[in-house]
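Asker: Dropping the structure in here first, questions after.
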Amino acid sequence: MGLKRAVDFFLALIALAILLVPILVVALCVRLTSPGPILYWSKRVGRFNQIFMMPKFRSMRVDTPTVATHLLENPDRFLTPIGSFLRKSSLDELPQLWCILEGRMSFVGPRPALYNQYDLIELRTTHGVDKLLPGLTGWAQINGRDELPIPEKVKFDVEYLERRSFGFDIRILFLTAEKVIRRKGIRH
């Protein structure tokens with residue numbers, strides 16, 4: 001755990017240094033294309049089911065209900081002018097590097113559930129997945145991302161819990177880069 005934390009911290013510092021200009025450009029684009037704050041802070045469930053605030057670049061209008069996107073009726077109508085691009089390119093996730101620096105998230109782990117995704121939280125807790133730091137990416141994201149039903153997602157989270165290792169994390173990071181470049185498994 002200590003090695004993973006150290007690697008996460010230094011990788012996040014390096015990523016922030018390399019991505020500083022794109023982060024500033026995305027922030028400016030969000031500001032110029034829709035009213036409201038640049039960042040959207042959502043209540044998420046972290047390690048041991050502790051609630052924390054997770055930032056994302058805002059890709060939805062400020063009047064969007066606070067539920068998982070797949071539960072919205074016609075979610076596309078809530079997207080900002082650049083929201084679809086931010087989501088499909090995963091640029092909306094860049095502010096989460098801050099959570100990695102803070103130690104609330106890791107680069108690899110189960111994606112943090114929304115505080116009101118009770119079925120997901122309960123299943124993860126039942127299977128011990130709540131002991132893991134949530135991740136910027138994870139094994140479930142590689143195997144379906146937004147397309148997975150919750151029981152299937154938890155199955156992959158449990159598999160990650162059982163197989164976690166430095167090598168497996170590296171594999172997941174490389175597979176994530178491939179998915180992001182190909183924009184596979186993203187609905188909105």
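Every chain in the structure tokens has a letter given in the order shown (A, B, ...), and although residue numbers restart at 1 in each chain, ligands are simply numbered from 1 in the order shown.
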Going by DSSP on the backbone, which bits of chain A are strand (DSSP E)? Write them as a list in words, please.
Answerer: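 Strand (DSSP E) members of chain A, listed: Leu39, Tyr40, Trp41, Ser42, Lys43, Arg44, Val45, Ile51, Phe52, Met53, Met54, Pro55, Lys56, Phe57, Ser106, Phe107, Val108, Ala113, Leu114, Gly135, Leu136 and Thr137 of chain A.
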Asker: For the residues in the current selection, export N, CA, C and O atoms as a PDB file, in the first residue's frame.
Answerer:
```pdb
ATOM      1  N   LEU A  39     -15.655  23.734 -12.293  1.00  0.00           N
ATOM      2  CA  LEU A  39     -15.609  22.397 -11.711  1.00  0.00           C
ATOM      3  C   LEU A  39     -16.960  22.011 -11.138  1.00  0.00           C
ATOM      4  O   LEU A  39     -17.690  22.847 -10.601  1.00  0.00           O
ATOM      5  N   TYR A  40     -17.260  20.734 -11.244  1.00  0.00           N
ATOM      6  CA  TYR A  40     -18.421  20.163 -10.589  1.00  0.00           C
ATOM      7  C   TYR A  40     -17.875  19.249  -9.492  1.00  0.00           C
ATOM      8  O   TYR A  40     -17.052  18.370  -9.752  1.00  0.00           O
ATOM      9  N   TRP A  41     -18.284  19.502  -8.280  1.00  0.00           N
ATOM     10  CA  TRP A  41     -17.848  18.692  -7.144  1.00  0.00           C
ATOM     11  C   TRP A  41     -18.976  17.746  -6.771  1.00  0.00           C
ATOM     12  O   TRP A  41     -20.061  18.191  -6.413  1.00  0.00           O
ATOM     13  N   SER A  42     -18.731  16.454  -6.868  1.00  0.00           N
ATOM     14  CA  SER A  42     -19.784  15.503  -6.535  1.00  0.00           C
ATOM     15  C   SER A  42     -19.398  14.690  -5.304  1.00  0.00           C
ATOM     16  O   SER A  42     -18.231  14.384  -5.076  1.00  0.00           O
ATOM     17  N   LYS A  43     -20.425  14.367  -4.519  1.00  0.00           N
ATOM     18  CA  LYS A  43     -20.220  13.523  -3.337  1.00  0.00           C
ATOM     19  C   LYS A  43     -19.988  12.104  -3.822  1.00  0.00           C
ATOM     20  O   LYS A  43     -20.833  11.529  -4.520  1.00  0.00           O
ATOM     21  N   ARG A  44     -18.841  11.561  -3.447  1.00  0.00           N
ATOM     22  CA  ARG A  44     -18.483  10.212  -3.859  1.00  0.00           C
ATOM     23  C   ARG A  44     -18.138   9.363  -2.648  1.00  0.00           C
ATOM     24  O   ARG A  44     -17.822   9.868  -1.581  1.00  0.00           O
ATOM     25  N   VAL A  45     -18.194   8.061  -2.854  1.00  0.00           N
ATOM     26  CA  VAL A  45     -17.902   7.112  -1.788  1.00  0.00           C
ATOM     27  C   VAL A  45     -16.474   6.620  -1.966  1.00  0.00           C
ATOM     28  O   VAL A  45     -16.110   6.089  -3.013  1.00  0.00           O
ATOM     29  N   ILE A  51     -17.425   9.419   2.633  1.00  0.00           N
ATOM     30  CA  ILE A  51     -17.823  10.370   1.585  1.00  0.00           C
ATOM     31  C   ILE A  51     -16.714  11.404   1.395  1.00  0.00           C
ATOM     32  O   ILE A  51     -16.141  11.904   2.362  1.00  0.00           O
ATOM     33  N   PHE A  52     -16.407  11.701   0.142  1.00  0.00           N
ATOM     34  CA  PHE A  52     -15.472  12.776  -0.173  1.00  0.00           C
ATOM     35  C   PHE A  52     -15.999  13.529  -1.389  1.00  0.00           C
ATOM     36  O   PHE A  52     -16.888  13.054  -2.089  1.00  0.00           O
ATOM     37  N   MET A  53     -15.480  14.699  -1.596  1.00  0.00           N
ATOM     38  CA  MET A  53     -15.896  15.532  -2.727  1.00  0.00           C
ATOM     39  C   MET A  53     -14.905  15.335  -3.872  1.00  0.00           C
ATOM     40  O   MET A  53     -13.708  15.573  -3.702  1.00  0.00           O
ATOM     41  N   MET A  54     -15.411  14.899  -5.020  1.00  0.00           N
ATOM     42  CA  MET A  54     -14.569  14.617  -6.175  1.00  0.00           C
ATOM     43  C   MET A  54     -14.833  15.641  -7.278  1.00  0.00           C
ATOM     44  O   MET A  54     -15.967  15.822  -7.698  1.00  0.00           O
ATOM     45  N   PRO A  55     -13.780  16.321  -7.752  1.00  0.00           N
ATOM     46  CA  PRO A  55     -13.968  17.324  -8.801  1.00  0.00           C
ATOM     47  C   PRO A  55     -13.897  16.729 -10.200  1.00  0.00           C
ATOM     48  O   PRO A  55     -13.174  15.772 -10.448  1.00  0.00           O
ATOM     49  N   LYS A  56     -14.686  17.314 -11.080  1.00  0.00           N
ATOM     50  CA  LYS A  56     -14.622  17.019 -12.507  1.00  0.00           C
ATOM     51  C   LYS A  56     -14.829  18.345 -13.225  1.00  0.00           C
ATOM     52  O   LYS A  56     -15.481  19.237 -12.684  1.00  0.00           O
ATOM     53  N   PHE A  57     -14.296  18.455 -14.433  1.00  0.00           N
ATOM     54  CA  PHE A  57     -14.684  19.607 -15.228  1.00  0.00           C
ATOM     55  C   PHE A  57     -16.162  19.445 -15.540  1.00  0.00           C
ATOM     56  O   PHE A  57     -16.623  18.358 -15.888  1.00  0.00           O
ATOM     57  N   SER A 106      -6.711   6.743  -6.024  1.00  0.00           N
ATOM     58  CA  SER A 106      -5.514   6.169  -6.614  1.00  0.00           C
ATOM     59  C   SER A 106      -5.671   6.267  -8.136  1.00  0.00           C
ATOM     60  O   SER A 106      -6.761   6.575  -8.628  1.00  0.00           O
ATOM     61  N   PHE A 107      -4.608   6.014  -8.864  1.00  0.00           N
ATOM     62  CA  PHE A 107      -4.769   5.953 -10.316  1.00  0.00           C
ATOM     63  C   PHE A 107      -5.635   4.757 -10.694  1.00  0.00           C
ATOM     64  O   PHE A 107      -6.452   4.844 -11.601  1.00  0.00           O
ATOM     65  N   VAL A 108      -5.453   3.637 -10.004  1.00  0.00           N
ATOM     66  CA  VAL A 108      -6.192   2.412 -10.333  1.00  0.00           C
ATOM     67  C   VAL A 108      -6.928   1.914  -9.099  1.00  0.00           C
ATOM     68  O   VAL A 108      -6.362   1.811  -8.015  1.00  0.00           O
ATOM     69  N   ALA A 113     -18.218   5.457  -6.377  1.00  0.00           N
ATOM     70  CA  ALA A 113     -19.665   5.519  -6.577  1.00  0.00           C
ATOM     71  C   ALA A 113     -20.194   6.879  -6.126  1.00  0.00           C
ATOM     72  O   ALA A 113     -19.620   7.515  -5.237  1.00  0.00           O
ATOM     73  N   LEU A 114     -21.302   7.305  -6.740  1.00  0.00           N
ATOM     74  CA  LEU A 114     -22.028   8.455  -6.214  1.00  0.00           C
ATOM     75  C   LEU A 114     -22.591   8.071  -4.852  1.00  0.00           C
ATOM     76  O   LEU A 114     -22.914   6.902  -4.612  1.00  0.00           O
ATOM     77  N   GLY A 135     -10.430   4.582  -7.780  1.00  0.00           N
ATOM     78  CA  GLY A 135      -9.442   4.934  -8.779  1.00  0.00           C
ATOM     79  C   GLY A 135      -9.945   5.842  -9.878  1.00  0.00           C
ATOM     80  O   GLY A 135     -11.148   5.929 -10.138  1.00  0.00           O
ATOM     81  N   LEU A 136      -9.000   6.487 -10.516  1.00  0.00           N
ATOM     82  CA  LEU A 136      -9.264   7.276 -11.718  1.00  0.00           C
ATOM     83  C   LEU A 136      -9.724   6.336 -12.829  1.00  0.00           C
ATOM     84  O   LEU A 136     -10.551   6.681 -13.659  1.00  0.00           O
ATOM     85  N   THR A 137      -9.181   5.128 -12.825  1.00  0.00           N
ATOM     86  CA  THR A 137      -9.597   4.067 -13.730  1.00  0.00           C
ATOM     87  C   THR A 137      -9.593   2.765 -12.952  1.00  0.00           C
ATOM     88  O   THR A 137      -9.103   2.710 -11.828  1.00  0.00           O
TER      89      THR A 137
END
```
Asker: Write out as a ChimeraX atom specification all residues of range 3-174 of chain A that DSSP puts in alpha helix (DSSP H) for this structure's backbone.
Answerer: /A:3-33,83-89,97-102,118-126,139-142,150-163,166-174
Asker: Enter the distance from CA of Leu11 in chain A to CA of Arg182 in chain A, in Å, rounded to one decimal.
Answerer: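 CA of Leu11 in chain A sits 23.0 Å away from CA of Arg182 in chain A.
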Asker: Between CA of Glu93 in chain A and CA of Phe174 in chain A, what distance in Å does the model show, to one decimal?
Answerer: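 CA of Glu93 in chain A sits 16.7 Å away from CA of Phe174 in chain A.
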Asker: I need the residue nearest Leu101 in chain A from this list: A:Leu13, A:Ile142, A:Ile150, A:Pro37. Use only C-alpha atoms for the distance.
Answerer: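 Of A:Leu13, A:Ile142, A:Ile150, A:Pro37, the one nearest Leu101 in chain A, counting only C-alpha atoms, is A:Leu13.
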Asker: Can you tell me which residues surround Arg77 in chain A at a distance of at most 12 Å, considering only C-alpha atoms, apart from same-chain residues fewer than 3 positions away, and format the answer as a list in words?
Answerer: Ser59, Met60, Arg61, Asp63, Thr64, Pro65, Thr69, Leu72, Glu73, Asn74, Thr80, Pro81, Gly83, Ser84 and His188 of chain A
Asker: Record the distance separating CA of Pro112 in chain A and CA of Asp8 in chain A, expressed in Å with one decimal.
Answerer: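 Those two atoms sit 16.4 Å apart.
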Asker: Would you mind telling me which residue in A:Thr66, A:Ser90, A:Ser165, A:Ser34 lies nearest to Arg145 in chain A when using only C-alpha atoms?
Answerer: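 Among the listed residues, A:Ser90 lies closest to Arg145 in chain A.
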Asker: Using only C-alpha atoms, which protein or nucleic acid residues come within 10 Å of range 175-180 of chain A? Drop anything in the same chain fewer than 4 positions from it, and give the result as a ChimeraX atom specification.
Answerer: /A:87-91,108,136-139,141-145,169-171,184-186
Asker: I want to know what sits within 10 Å of Glu159 in chain A, based on only C-alpha atoms, with residues of the same chain fewer than 5 positions away left out; could you give that as a compact mmCIF listing (two decimals) with N, CA and C atoms, in the first residue's frame?
Answerer:
```txt
# COMPACT_ATOMS: atom_id res chain seq x y z
N VAL A 129 -14.90 -4.77 -1.38
CA VAL A 129 -14.30 -3.82 -2.31
C VAL A 129 -14.17 -2.43 -1.66
N TRP A 139 -10.44 -1.89 -13.31
CA TRP A 139 -10.63 -3.09 -14.11
C TRP A 139 -12.02 -3.11 -14.73
N ALA A 140 -13.02 -2.63 -14.01
CA ALA A 140 -14.38 -2.59 -14.59
C ALA A 140 -14.44 -1.61 -15.76
N LYS A 153 -20.20 -4.99 -12.89
CA LYS A 153 -19.16 -4.03 -12.48
C LYS A 153 -18.52 -4.50 -11.17
N VAL A 154 -19.33 -4.91 -10.22
CA VAL A 154 -18.82 -5.36 -8.93
C VAL A 154 -18.02 -6.64 -9.10
N ARG A 164 -4.94 -7.63 -7.45
CA ARG A 164 -4.19 -6.36 -7.45
C ARG A 164 -2.70 -6.58 -7.21
```
